[in-house]
Amino acid sequence: MELRAYAGVLRRYWYIVVIVPVLVLAGVLYQASRAKTSYTSKTELSVVRDQEQPPSSPFYTYNDYYAYLASEYTLDDMVGLVQGNVFAHDVSTELAKTDGITMSTKDVQTALSSSRLNRILTIQAKADSKARAEAIAAAAGKVLAAKGTGFFGFTDPSKDAMIRTIQTATSATASTGRQRIILALQVIIGLIAGILIAFLVDYIDDTLRSPEMVSSSLRLPVIAAIPNGRQR
């Protein structure tokens with residue numbers, strides 16, 4: 001099929017190509033009008049395990065290497081710790097005590113997420129208001145800095161980690177970028193669906209619209225064609 005034939009299909013069924021994306025756009029606008037804006041705040045902490053002091057020895061003991069390695073392992077554990085309900089319970093208690101915000105452990109756990117880069121732990125808090133997101137992020141950083149590896153049952157101070165806040169809870173920003181991308185993709189998919197439906201309708205339609213279609217269907221040569229009234 002030539003490009004001109006494709007263009008002819010789209011021209012004949014233009015209303016399908018238009019109506020489907022318009023309906024999708026209406027649904028997208030309805031979703032956007034009812035969607036609740038969420039806000040995200042984050043706090044960052046450095047986590048470093050101190051090296052053990054070995055007895056005096058003339059040999060190199062790789063203490064710095066093992067300290068870095070222990071810090072890496074500790075951070076891996078803390079990423080999971082921040083997303084657990086035990087940590088969320090302590091954050092919930094801190095919120096009630098410091099900010100007067102009452103949140104269940106489950107709600108706090110849902111709001112928190114964490115990631116790590118080298119020896120930096122980032123805690124993100126998502127909520128339906130800027131103030132609440134900032135309060136959750138600040139409380140999470142405070143609880144982790146205060147208890148540290150105590151969450152893992154380490155009572156020996158020599159095995160504790162040095163946890164320092166290097167960035168306090170940032171001003172919460174609206175999390176709308178991902179939502180906009182999803183809405184735009186829905187409209188694009190609606191347009192593609194409209195085009196595909198137009199070609200499907202044309203495929204089902206057995207009307208002979210051109211001499212080429214007549215010749216192809218009947219396997220007979222076209223001797224003459226009667227022009228329609230629009231042709232001069």
# chains A, B, ... in the order shown; residues from 1 in each chain; ligands from 1
call {"tool": "residues_around", "arguments": {"residues": "Thr170 in chain A", "least_positions_apart": "5", "cutoff": "10 Å", "atoms": "only C-alpha atoms", "output": "PyMOL selection string"}}
result
chain A and resi 40-44+124+133-135+137-138
call {"tool": "write_last_selection", "arguments": {"atoms": "N, CA and C atoms", "output": "CSV table (one decimal), in the first residue's frame"}}
result
chain,number,residue,atom,x,y,z
A,40,THR,N,7.5,16.0,48.4
A,40,THR,CA,8.6,15.2,48.8
A,40,THR,C,9.7,16.0,49.4
A,41,SER,N,10.2,15.6,50.6
A,41,SER,CA,11.3,16.3,51.3
A,41,SER,C,12.3,15.2,51.6
A,42,LYS,N,13.6,15.6,51.7
A,42,LYS,CA,14.6,14.6,51.9
A,42,LYS,C,15.7,15.1,52.9
A,43,THR,N,16.3,14.2,53.6
A,43,THR,CA,17.4,14.5,54.5
A,43,THR,C,18.5,13.6,54.2
A,44,GLU,N,19.8,14.0,54.3
A,44,GLU,CA,20.9,13.2,54.0
A,44,GLU,C,21.8,13.1,55.2
A,124,GLN,N,13.9,9.9,52.0
A,124,GLN,CA,12.9,10.7,51.4
A,124,GLN,C,11.5,10.5,52.1
A,133,ALA,N,5.6,16.6,55.0
A,133,ALA,CA,6.7,16.0,54.4
A,133,ALA,C,8.0,16.4,55.0
A,134,GLU,N,8.2,17.7,55.3
A,134,GLU,CA,9.4,18.2,55.9
A,134,GLU,C,9.5,17.7,57.3
A,135,ALA,N,8.4,17.6,58.1
A,135,ALA,CA,8.5,17.1,59.4
A,135,ALA,C,8.9,15.6,59.5
A,137,ALA,N,10.6,13.9,57.2
A,137,ALA,CA,12.0,13.8,56.9
A,137,ALA,C,12.9,14.2,58.0
A,138,ALA,N,12.6,15.3,58.7
A,138,ALA,CA,13.4,15.7,59.8
A,138,ALA,C,13.4,14.7,60.9
call {"tool": "residues_around", "arguments": {"residues": "Gln109 in chain A", "least_positions_apart": "5", "cutoff": "12 Å", "atoms": "only C-alpha atoms", "output": "JSON, numbers by chain"}}
result
{"A": [80, 81, 82, 83, 84, 85, 86, 87, 88, 89, 90, 91, 92, 103, 104, 114, 123, 124, 125, 126, 127, 136, 137, 140]}
call {"tool": "atom_distance", "arguments": {"atom1": "CA of Leu10 in chain A", "atom2": "CA of Ile188 in chain A"}}
result
16.7 Å
call {"tool": "atom_distance", "arguments": {"atom1": "CA of Leu75 in chain A", "atom2": "CA of Thr105 in chain A"}}
result
22.6 Å
call {"tool": "residues_around", "arguments": {"residues": "Asp128 in chain A", "least_positions_apart": "4", "cutoff": "9 Å", "atoms": "only C-alpha atoms", "output": "mmCIF file with N, CA and C atoms, in the first residue's frame"}}
result
data_model
loop_
_atom_site.group_PDB
_atom_site.id
_atom_site.type_symbol
_atom_site.label_atom_id
_atom_site.label_comp_id
_atom_site.auth_asym_id
_atom_site.auth_seq_id
_atom_site.Cartn_x
_atom_site.Cartn_y
_atom_site.Cartn_z
ATOM 1 N N LYS A 36 -4.490 14.201 43.758
ATOM 2 C CA LYS A 36 -3.975 14.971 44.883
ATOM 3 C C LYS A 36 -2.467 15.157 44.727
ATOM 4 N N THR A 37 -2.024 16.384 44.891
ATOM 5 C CA THR A 37 -0.600 16.677 44.774
ATOM 6 C C THR A 37 0.135 16.179 46.013
ATOM 7 N N SER A 38 1.215 15.471 45.793
ATOM 8 C CA SER A 38 2.044 15.015 46.911
ATOM 9 C C SER A 38 3.349 15.797 46.922
ATOM 10 N N TYR A 39 3.937 15.902 48.100
ATOM 11 C CA TYR A 39 5.161 16.677 48.279
ATOM 12 C C TYR A 39 6.251 15.763 48.838
ATOM 13 N N THR A 40 7.479 16.018 48.415
ATOM 14 C CA THR A 40 8.602 15.190 48.829
ATOM 15 C C THR A 40 9.692 16.044 49.450
ATOM 16 N N ARG A 132 4.085 18.591 56.396
ATOM 17 C CA ARG A 132 4.139 17.224 56.911
ATOM 18 C C ARG A 132 5.313 16.463 56.309
ATOM 19 N N ALA A 133 5.571 16.641 55.015
ATOM 20 C CA ALA A 133 6.702 15.957 54.384
ATOM 21 C C ALA A 133 8.017 16.387 55.031
#
call {"tool": "select_by_dssp", "arguments": {"residues": "range 164-224 of chain A", "states": "helix (DSSP H, G or I)", "output": "PyMOL selection string"}}
result
chain A and resi 177-204+211-218
call {"tool": "residues_around", "arguments": {"residues": "Val79 in chain A", "least_positions_apart": "5", "cutoff": "9 Å", "atoms": "only C-alpha atoms", "output": "ChimeraX atom specification"}}
result
/A:74,113-116,121-123
call {"tool": "atom_distance", "arguments": {"atom1": "CA of Leu3 in chain A", "atom2": "CA of Leu23 in chain A"}}
result
27.5 Å
call {"tool": "residues_around", "arguments": {"residues": "Ile195 in chain A", "least_positions_apart": "6", "cutoff": "12 Å", "atoms": "only C-alpha atoms", "output": "VMD selection string"}}
result
chain A and resid 6 to 7 9 to 21 188 to 189 201 to 202
call {"tool": "write_last_selection", "arguments": {"atoms": "N, CA and C atoms", "output": "PDB file, in the first residue's frame"}}
result
ATOM      1  N   TYR A   6      -2.436   5.215   2.426  1.00  0.00           N
ATOM      2  CA  TYR A   6      -2.518   5.398   3.882  1.00  0.00           C
ATOM      3  C   TYR A   6      -3.154   6.742   4.221  1.00  0.00           C
ATOM      4  N   ALA A   7      -2.724   7.766   3.498  1.00  0.00           N
ATOM      5  CA  ALA A   7      -3.285   9.102   3.737  1.00  0.00           C
ATOM      6  C   ALA A   7      -4.774   9.125   3.427  1.00  0.00           C
ATOM      7  N   VAL A   9      -6.849   6.614   3.795  1.00  0.00           N
ATOM      8  CA  VAL A   9      -7.551   5.965   4.911  1.00  0.00           C
ATOM      9  C   VAL A   9      -7.747   6.942   6.063  1.00  0.00           C
ATOM     10  N   LEU A  10      -6.697   7.664   6.391  1.00  0.00           N
ATOM     11  CA  LEU A  10      -6.796   8.622   7.498  1.00  0.00           C
ATOM     12  C   LEU A  10      -7.750   9.752   7.162  1.00  0.00           C
ATOM     13  N   ARG A  11      -7.795  10.134   5.893  1.00  0.00           N
ATOM     14  CA  ARG A  11      -8.694  11.212   5.485  1.00  0.00           C
ATOM     15  C   ARG A  11     -10.152  10.762   5.555  1.00  0.00           C
ATOM     16  N   ARG A  12     -10.412   9.509   5.159  1.00  0.00           N
ATOM     17  CA  ARG A  12     -11.789   9.007   5.189  1.00  0.00           C
ATOM     18  C   ARG A  12     -12.302   8.837   6.614  1.00  0.00           C
ATOM     19  N   TYR A  13     -11.407   8.377   7.491  1.00  0.00           N
ATOM     20  CA  TYR A  13     -11.832   8.090   8.863  1.00  0.00           C
ATOM     21  C   TYR A  13     -11.205   9.069   9.856  1.00  0.00           C
ATOM     22  N   TRP A  14     -11.119  10.304   9.457  1.00  0.00           N
ATOM     23  CA  TRP A  14     -10.502  11.328  10.312  1.00  0.00           C
ATOM     24  C   TRP A  14     -11.228  11.477  11.637  1.00  0.00           C
ATOM     25  N   TYR A  15     -12.549  11.262  11.611  1.00  0.00           N
ATOM     26  CA  TYR A  15     -13.327  11.435  12.838  1.00  0.00           C
ATOM     27  C   TYR A  15     -12.921  10.414  13.908  1.00  0.00           C
ATOM     28  N   ILE A  16     -12.532   9.195  13.473  1.00  0.00           N
ATOM     29  CA  ILE A  16     -12.067   8.200  14.445  1.00  0.00           C
ATOM     30  C   ILE A  16     -10.721   8.628  15.027  1.00  0.00           C
ATOM     31  N   VAL A  17      -9.833   9.109  14.144  1.00  0.00           N
ATOM     32  CA  VAL A  17      -8.501   9.537  14.580  1.00  0.00           C
ATOM     33  C   VAL A  17      -8.598  10.696  15.571  1.00  0.00           C
ATOM     34  N   VAL A  18      -9.653  11.508  15.440  1.00  0.00           N
ATOM     35  CA  VAL A  18      -9.822  12.675  16.320  1.00  0.00           C
ATOM     36  C   VAL A  18     -10.580  12.308  17.590  1.00  0.00           C
ATOM     37  N   ILE A  19     -11.654  11.525  17.438  1.00  0.00           N
ATOM     38  CA  ILE A  19     -12.536  11.267  18.579  1.00  0.00           C
ATOM     39  C   ILE A  19     -11.829  10.463  19.671  1.00  0.00           C
ATOM     40  N   VAL A  20     -11.077   9.434  19.288  1.00  0.00           N
ATOM     41  CA  VAL A  20     -10.428   8.580  20.306  1.00  0.00           C
ATOM     42  C   VAL A  20      -9.461   9.387  21.181  1.00  0.00           C
ATOM     43  N   PRO A  21      -8.531  10.192  20.596  1.00  0.00           N
ATOM     44  CA  PRO A  21      -7.659  10.985  21.469  1.00  0.00           C
ATOM     45  C   PRO A  21      -8.410  12.016  22.297  1.00  0.00           C
ATOM     46  N   ILE A 188      -0.821  10.274  23.937  1.00  0.00           N
ATOM     47  CA  ILE A 188      -0.113   9.742  22.767  1.00  0.00           C
ATOM     48  C   ILE A 188      -0.628   8.349  22.411  1.00  0.00           C
ATOM     49  N   ILE A 189      -0.841   7.515  23.432  1.00  0.00           N
ATOM     50  CA  ILE A 189      -1.377   6.174  23.183  1.00  0.00           C
ATOM     51  C   ILE A 189      -2.783   6.267  22.595  1.00  0.00           C
ATOM     52  N   VAL A 201     -10.981  -0.383  10.709  1.00  0.00           N
ATOM     53  CA  VAL A 201     -12.283  -0.156  10.076  1.00  0.00           C
ATOM     54  C   VAL A 201     -12.158  -0.211   8.559  1.00  0.00           C
ATOM     55  N   ASP A 202     -11.083   0.382   8.030  1.00  0.00           N
ATOM     56  CA  ASP A 202     -10.868   0.352   6.585  1.00  0.00           C
ATOM     57  C   ASP A 202     -10.636  -1.082   6.100  1.00  0.00           C
TER      58      ASP A 202
END
call {"tool": "select_by_dssp", "arguments": {"residues": "range 117-188 of chain A", "states": "strand (DSSP E or B)", "output": "mmCIF file with C-alpha atoms, in the first residue's frame"}}
result
data_model
loop_
_atom_site.group_PDB
_atom_site.id
_atom_site.type_symbol
_atom_site.label_atom_id
_atom_site.label_comp_id
_atom_site.auth_asym_id
_atom_site.auth_seq_id
_atom_site.Cartn_x
_atom_site.Cartn_y
_atom_site.Cartn_z
ATOM 1 C CA LEU A 117 25.370 6.524 47.396
ATOM 2 C CA ILE A 120 25.674 8.884 52.092
ATOM 3 C CA LEU A 121 22.193 7.756 53.092
ATOM 4 C CA THR A 122 19.254 9.716 51.655
ATOM 5 C CA ILE A 123 15.876 9.480 53.360
ATOM 6 C CA GLN A 124 12.851 10.740 51.420
ATOM 7 C CA ALA A 125 9.459 11.497 52.904
ATOM 8 C CA LYS A 126 6.318 11.934 50.817
ATOM 9 C CA ALA A 127 3.119 13.465 52.171
ATOM 10 C CA ALA A 161 28.745 4.125 63.511
ATOM 11 C CA MET A 162 29.299 7.857 63.288
ATOM 12 C CA ILE A 163 26.093 9.230 61.784
ATOM 13 C CA ARG A 164 26.042 12.926 60.967
ATOM 14 C CA THR A 165 23.345 14.943 59.250
ATOM 15 C CA ILE A 166 24.923 16.602 56.240
ATOM 16 C CA GLN A 167 21.696 18.020 54.838
ATOM 17 C CA THR A 173 8.639 20.076 46.397
ATOM 18 C CA ALA A 174 5.527 18.987 44.550
#
